[in-house]
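Structure first, then comments.
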Amino acid sequence: MKIASFNINGIKARQAALCDWLDEARPDVALLQEIKSVDAGFPREVFEERGYNVETHGQKGFNGVAILSRLPLEDVQRGLPGDENDEQARWIEATVVGGRVAVRLCGLYLPNGNPAPGPKFDYKLGWMARLRARAADLLRQEEPALMAGDYNVIPQDEDAARPEAWREDALALPESRRTLREIENLGLTDAFRATTRGPGHYTFWDYQAGAWERNNGIRIDHFLLTPQAADLLTDCRIDRQARGGIKPSDHVPIWVELDA
DNA sequence: ATGTCGTAACGTTTACGA
């Protein structure tokens, strides 16, 4: 089962590029972030024509997440638990039933947090505390599950082409890194680091200042797997070439292959 | 060169978020 995550940065602007990538990569499931659309504005027919079931959790103008799945989705939940007053659409989860096992899929768009310090950084850390609680709940189930999406955290210096440029940024501040590490250390596996070591692997290149042409990227899109999902992991890759296409997102897809 | 995008709106331009 091939499961991908892709921050598309606006479905209206990215429909063509997303369809091209789906037709080529043919994931069974795609977890999408930053659809920047309300549910009613999401062009679901375009994906249904390609055989995908579509579940959205949208918001006007900003944020918004969705799941596309060729396999049936069950028990869809929208919104990260832990704050009834949080109106930002950053979390969707569902169970996908594969050939042998069911996998709980969580798609997330973690807050950027800049400028830091400030209320936006406080919101990021509060959101990560809720993410940690959800992760702990998932681990208690002792079943295959994963949390994937745009984490807006650069885990280590090796995950940035120019780490010194990110020292004061919410994506790399020690508190952001520490909190991500604490979540992983509950017992989750970073699927990319389980399969590939070393520097130079990125999932985001800024539109500004020729970041793509200079390969000035960062790795901020991640798959975290429960032990039962990690046991099924056979591959994890970043579709780097997507950044060089026509009207690309500033992120590229990352995907896992599970023997499920 | 505070450099680019995407979205929304009191829209032919500005504001915001990233």
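Every chain in the structure tokens has a letter given in the order shown (A, B, ...), and although residue numbers restart at 1 in each chain, ligands are simply numbered from 1 in the order shown.
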Show me a table, sorted first by chain and then by increasing residue number, of the residues of chain B having an atom at most 6 Å from chain A, each with its shortest atom pair and the distance in Å to one decimal, counting only C-alpha atoms (C1' of nucleotides) and written as CSV.
residue,atom,partner,partner_atom,distance
B:DG3,C1',A:Ala209,CA,5.3
B:DT4,C1',A:Gln208,CA,4.8
B:DT7,C1',A:Gly61,CA,5.3
Using backbone DSSP assignments, extract all strand (DSSP E or B) residues from stretch 59-125 of chain A; output them as a list in words. Val65, Ala66, Ile67, Leu68, Ser69, Leu73, Glu74, Asp75, Val76, Gln77, Arg78, Trp91, Ile92, Glu93, Ala94, Thr95, Val96, Val97, Ala102, Val103, Arg104, Leu105, Cys106, Gly107, Leu108 and Tyr109 of chain A
Quick check, in Å to one decimal: how far apart do atom CA of A:Arg44 and atom CA of A:Leu146 lie?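 Answer for the atom CA of A:Arg44 to atom CA of A:Leu146 separation: 24.1 Å.
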So that I can check the surroundings of stretch 70-82 of chain A, please list as a VMD selection string every protein, DNA and RNA residue that reaches within 9 Å of it, counting only C-alpha atoms (C1' of nucleotides) and ignoring chain neighbours fewer than 5 positions away. chain A and resid 27 to 29 48 50 to 57 87 to 98 108 127 130 to 131 133 to 134
Any chance you can output those residues with N, CA and C atoms as an mmCIF file, in the first residue's frame?
data_model
loop_
_atom_site.group_PDB
_atom_site.id
_atom_site.type_symbol
_atom_site.label_atom_id
_atom_site.label_comp_id
_atom_site.auth_asym_id
_atom_site.auth_seq_id
_atom_site.Cartn_x
_atom_site.Cartn_y
_atom_site.Cartn_z
ATOM 1 N N PRO A 27 -0.408 6.749 -6.067
ATOM 2 C CA PRO A 27 -0.503 6.305 -4.668
ATOM 3 C C PRO A 27 -1.894 5.737 -4.394
ATOM 4 N N ASP A 28 -1.959 4.796 -3.467
ATOM 5 C CA ASP A 28 -3.267 4.302 -3.023
ATOM 6 C C ASP A 28 -3.971 5.358 -2.189
ATOM 7 N N VAL A 29 -3.158 6.085 -1.419
ATOM 8 C CA VAL A 29 -3.708 7.139 -0.563
ATOM 9 C C VAL A 29 -2.826 8.376 -0.686
ATOM 10 N N GLU A 48 -12.427 11.780 -7.940
ATOM 11 C CA GLU A 48 -13.342 10.630 -7.990
ATOM 12 C C GLU A 48 -13.271 9.962 -9.371
ATOM 13 N N ARG A 50 -10.719 9.615 -11.009
ATOM 14 C CA ARG A 50 -9.492 8.811 -11.002
ATOM 15 C C ARG A 50 -9.576 7.644 -10.021
ATOM 16 N N GLY A 51 -10.745 7.446 -9.444
ATOM 17 C CA GLY A 51 -10.945 6.289 -8.578
ATOM 18 C C GLY A 51 -10.699 6.541 -7.110
ATOM 19 N N TYR A 52 -10.551 7.806 -6.727
ATOM 20 C CA TYR A 52 -10.276 8.113 -5.325
ATOM 21 C C TYR A 52 -11.549 8.485 -4.572
ATOM 22 N N ASN A 53 -11.675 7.959 -3.371
ATOM 23 C CA ASN A 53 -12.621 8.492 -2.397
ATOM 24 C C ASN A 53 -12.020 9.772 -1.839
ATOM 25 N N VAL A 54 -12.852 10.744 -1.558
ATOM 26 C CA VAL A 54 -12.372 12.068 -1.148
ATOM 27 C C VAL A 54 -12.997 12.465 0.177
ATOM 28 N N GLU A 55 -12.137 12.778 1.141
ATOM 29 C CA GLU A 55 -12.599 13.318 2.427
ATOM 30 C C GLU A 55 -11.832 14.613 2.685
ATOM 31 N N THR A 56 -12.555 15.688 2.958
ATOM 32 C CA THR A 56 -11.893 16.979 3.162
ATOM 33 C C THR A 56 -12.204 17.551 4.540
ATOM 34 N N HIS A 57 -11.294 18.379 5.001
ATOM 35 C CA HIS A 57 -11.530 19.205 6.194
ATOM 36 C C HIS A 57 -10.970 20.576 5.843
ATOM 37 N N GLU A 87 -10.214 26.613 15.639
ATOM 38 C CA GLU A 87 -11.019 26.589 14.418
ATOM 39 C C GLU A 87 -10.176 26.375 13.165
ATOM 40 N N GLN A 88 -8.867 26.164 13.335
ATOM 41 C CA GLN A 88 -8.014 25.977 12.162
ATOM 42 C C GLN A 88 -8.047 24.515 11.707
ATOM 43 N N ALA A 89 -8.250 24.342 10.394
ATOM 44 C CA ALA A 89 -8.413 23.005 9.801
ATOM 45 C C ALA A 89 -7.047 22.418 9.470
ATOM 46 N N ARG A 90 -6.512 21.641 10.414
ATOM 47 C CA ARG A 90 -5.143 21.137 10.277
ATOM 48 C C ARG A 90 -5.013 19.633 10.503
ATOM 49 N N TRP A 91 -6.123 18.934 10.670
ATOM 50 C CA TRP A 91 -6.014 17.516 11.046
ATOM 51 C C TRP A 91 -7.198 16.739 10.507
ATOM 52 N N ILE A 92 -6.906 15.597 9.890
ATOM 53 C CA ILE A 92 -7.961 14.667 9.471
ATOM 54 C C ILE A 92 -7.417 13.255 9.612
ATOM 55 N N GLU A 93 -8.253 12.344 10.085
ATOM 56 C CA GLU A 93 -7.800 10.967 10.187
ATOM 57 C C GLU A 93 -8.895 10.005 9.749
ATOM 58 N N ALA A 94 -8.462 8.827 9.309
ATOM 59 C CA ALA A 94 -9.399 7.812 8.839
ATOM 60 C C ALA A 94 -8.688 6.465 8.838
ATOM 61 N N THR A 95 -9.470 5.421 8.798
ATOM 62 C CA THR A 95 -8.913 4.074 8.709
ATOM 63 C C THR A 95 -9.059 3.576 7.287
ATOM 64 N N VAL A 96 -7.948 3.101 6.718
ATOM 65 C CA VAL A 96 -7.966 2.523 5.379
ATOM 66 C C VAL A 96 -7.766 1.014 5.515
ATOM 67 N N VAL A 97 -8.610 0.271 4.816
ATOM 68 C CA VAL A 97 -8.551 -1.186 4.902
ATOM 69 C C VAL A 97 -7.840 -1.721 3.671
ATOM 70 N N GLY A 98 -6.669 -2.294 3.908
ATOM 71 C CA GLY A 98 -5.878 -2.830 2.811
ATOM 72 C C GLY A 98 -6.194 -4.299 2.574
ATOM 73 N N LEU A 108 -1.793 15.733 8.747
ATOM 74 C CA LEU A 108 -1.651 16.921 9.597
ATOM 75 C C LEU A 108 -0.908 18.049 8.896
ATOM 76 N N TRP A 127 -0.285 23.230 19.935
ATOM 77 C CA TRP A 127 -0.770 22.244 18.964
ATOM 78 C C TRP A 127 0.083 20.979 19.040
ATOM 79 N N ARG A 130 -0.904 18.809 21.897
ATOM 80 C CA ARG A 130 -2.083 18.009 21.570
ATOM 81 C C ARG A 130 -1.718 16.861 20.633
ATOM 82 N N LEU A 131 -0.784 17.124 19.712
ATOM 83 C CA LEU A 131 -0.314 16.071 18.807
ATOM 84 C C LEU A 131 0.341 14.940 19.606
ATOM 85 N N ALA A 133 -0.328 14.093 22.648
ATOM 86 C CA ALA A 133 -1.380 13.336 23.337
ATOM 87 C C ALA A 133 -2.061 12.360 22.376
ATOM 88 N N ARG A 134 -2.322 12.822 21.142
ATOM 89 C CA ARG A 134 -2.955 11.935 20.151
ATOM 90 C C ARG A 134 -2.019 10.783 19.795
#
Could you tell me, as a PyMOL selection string, which residues of stretch 22-179 of chain A DSSP assigns to helix (DSSP H, G or I) when given the backbone? chain A and resi 22-25+39-41+44-48+119-141+157-159+163-166+174-179
Selection near A:Glu168, 10 Å with only C-alpha atoms (C1' of nucleotides), sequence-local residues under 6 positions removed, as a CSV table (one decimal) with N, CA and C atoms, in the first residue's frame:
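Output file selection_12.csv follows:
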chain,number,residue,atom,x,y,z
A,114,ASN,N,5.9,31.1,13.1
A,114,ASN,CA,6.6,32.4,13.0
A,114,ASN,C,5.6,33.5,13.1
A,115,PRO,N,6.0,34.7,13.6
A,115,PRO,CA,7.3,34.9,14.2
A,115,PRO,C,7.4,34.3,15.7
A,116,ALA,N,8.6,33.9,16.0
A,116,ALA,CA,8.9,33.4,17.4
A,116,ALA,C,9.9,34.3,18.1
A,117,PRO,N,9.7,34.6,19.3
A,117,PRO,CA,8.5,34.2,20.1
A,117,PRO,C,7.3,35.1,19.8
A,174,PRO,N,15.1,25.3,19.2
A,174,PRO,CA,15.3,24.1,20.1
A,174,PRO,C,14.0,23.6,20.6
Using only C-alpha atoms, pick whichever of A:Leu139, A:Leu125, A:Leu110, A:Ala191 has the shortest atom-to-atom distance to A:Asn152.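 Of all the options, A:Leu110 lies closest to A:Asn152.
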In Å, how far is it from atom CA of A:Phe47 to atom CA of A:Gly107?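 Interatomic distance here is 17.7 Å.
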Residues within 8 Å of A:Ala4, please, as a list in words. Count only C-alpha atoms (C1' of nucleotides); anything in the same chain fewer than 6 positions from it doesn't count. Pro27, Val29, Ala30, Leu31, Pro253, Ile254, Trp255 and Val256 of chain A
Selection near A:Gly113, 9 Å with only C-alpha atoms (C1' of nucleotides), sequence-local residues under 5 positions removed, as a JSON list (two decimals) with N, CA and C atoms, in the first residue's frame:
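Here's the written file out.json:
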[["chain", "number", "residue", "atom", "x", "y", "z"],
["A", 118, "GLY", "N", 6.11, 34.65, 20.26],
["A", 118, "GLY", "CA", 4.88, 35.36, 19.99],
["A", 118, "GLY", "C", 3.70, 34.41, 20.03],
["A", 119, "PRO", "N", 2.51, 34.95, 19.83],
["A", 119, "PRO", "CA", 1.30, 34.11, 19.93],
["A", 119, "PRO", "C", 1.26, 32.98, 18.91],
["A", 120, "LYS", "N", 1.83, 33.20, 17.74],
["A", 120, "LYS", "CA", 1.81, 32.12, 16.74],
["A", 120, "LYS", "C", 2.72, 30.97, 17.15],
["A", 121, "PHE", "N", 3.83, 31.30, 17.79],
["A", 121, "PHE", "CA", 4.72, 30.24, 18.27],
["A", 121, "PHE", "C", 4.08, 29.51, 19.45],
["A", 122, "ASP", "N", 3.40, 30.27, 20.31],
["A", 122, "ASP", "CA", 2.66, 29.63, 21.41],
["A", 122, "ASP", "C", 1.61, 28.66, 20.87],
["A", 123, "TYR", "N", 0.92, 29.08, 19.81],
["A", 123, "TYR", "CA", -0.09, 28.20, 19.20],
["A", 123, "TYR", "C", 0.56, 26.93, 18.65],
["A", 124, "LYS", "N", 1.72, 27.10, 18.01],
["A", 124, "LYS", "CA", 2.44, 25.93, 17.49],
["A", 124, "LYS", "C", 2.75, 24.94, 18.61],
["A", 125, "LEU", "N", 3.32, 25.43, 19.70],
["A", 125, "LEU", "CA", 3.72, 24.53, 20.79],
["A", 125, "LEU", "C", 2.50, 23.90, 21.46],
["A", 152, "ASN", "N", 6.29, 21.26, 9.71],
["A", 152, "ASN", "CA", 6.90, 22.58, 9.92],
["A", 152, "ASN", "C", 7.97, 22.55, 11.01],
["A", 169, "ASP", "N", 14.44, 30.64, 13.57],
["A", 169, "ASP", "CA", 13.14, 30.39, 12.95],
["A", 169, "ASP", "C", 12.36, 29.34, 13.74],
["A", 170, "ALA", "N", 11.02, 29.54, 13.76],
["A", 170, "ALA", "CA", 10.16, 28.62, 14.51],
["A", 170, "ALA", "C", 10.29, 27.17, 14.02],
["A", 171, "LEU", "N", 10.74, 26.98, 12.78],
["A", 171, "LEU", "CA", 10.87, 25.62, 12.24],
["A", 171, "LEU", "C", 12.07, 24.87, 12.81]]
Within 9 Å of stretch 240-246 of chain A, counting only C-alpha atoms (C1' of nucleotides), which residues qualify if same-chain residues fewer than 2 places away don't, as a PDB file with C-alpha atoms, in the first residue's frame?
ATOM      1  CA  ALA A  17       0.075  19.546 -11.095  1.00  0.00           C
ATOM      2  CA  TRP A  21       1.577  13.593 -10.081  1.00  0.00           C
ATOM      3  CA  HIS A 201      17.267  15.332   1.523  1.00  0.00           C
ATOM      4  CA  TYR A 202      14.600  18.034   1.398  1.00  0.00           C
ATOM      5  CA  THR A 203      10.837  18.321   0.932  1.00  0.00           C
ATOM      6  CA  PHE A 204      10.466  22.126   0.715  1.00  0.00           C
ATOM      7  CA  TRP A 205      12.187  24.865  -1.238  1.00  0.00           C
ATOM      8  CA  TRP A 212      15.101  25.565  -5.756  1.00  0.00           C
ATOM      9  CA  ARG A 237      10.903   8.237  -0.774  1.00  0.00           C
ATOM     10  CA  ILE A 238      10.725  11.942  -1.563  1.00  0.00           C
ATOM     11  CA  PRO A 248       4.839  23.522  -8.653  1.00  0.00           C
ATOM     12  CA  SER A 249       3.973  23.631  -4.987  1.00  0.00           C
ATOM     13  CA  ASP A 250       6.809  24.782  -2.754  1.00  0.00           C
ATOM     14  CA  HIS A 251       6.629  21.304  -1.154  1.00  0.00           C
ATOM     15  CA  VAL A 252       7.095  17.935  -2.882  1.00  0.00           C
ATOM     16  CA  PRO A 253       5.370  14.617  -2.104  1.00  0.00           C
ATOM     17  CA  ILE A 254       6.850  12.094   0.308  1.00  0.00           C
TER      18      ILE A 254
END
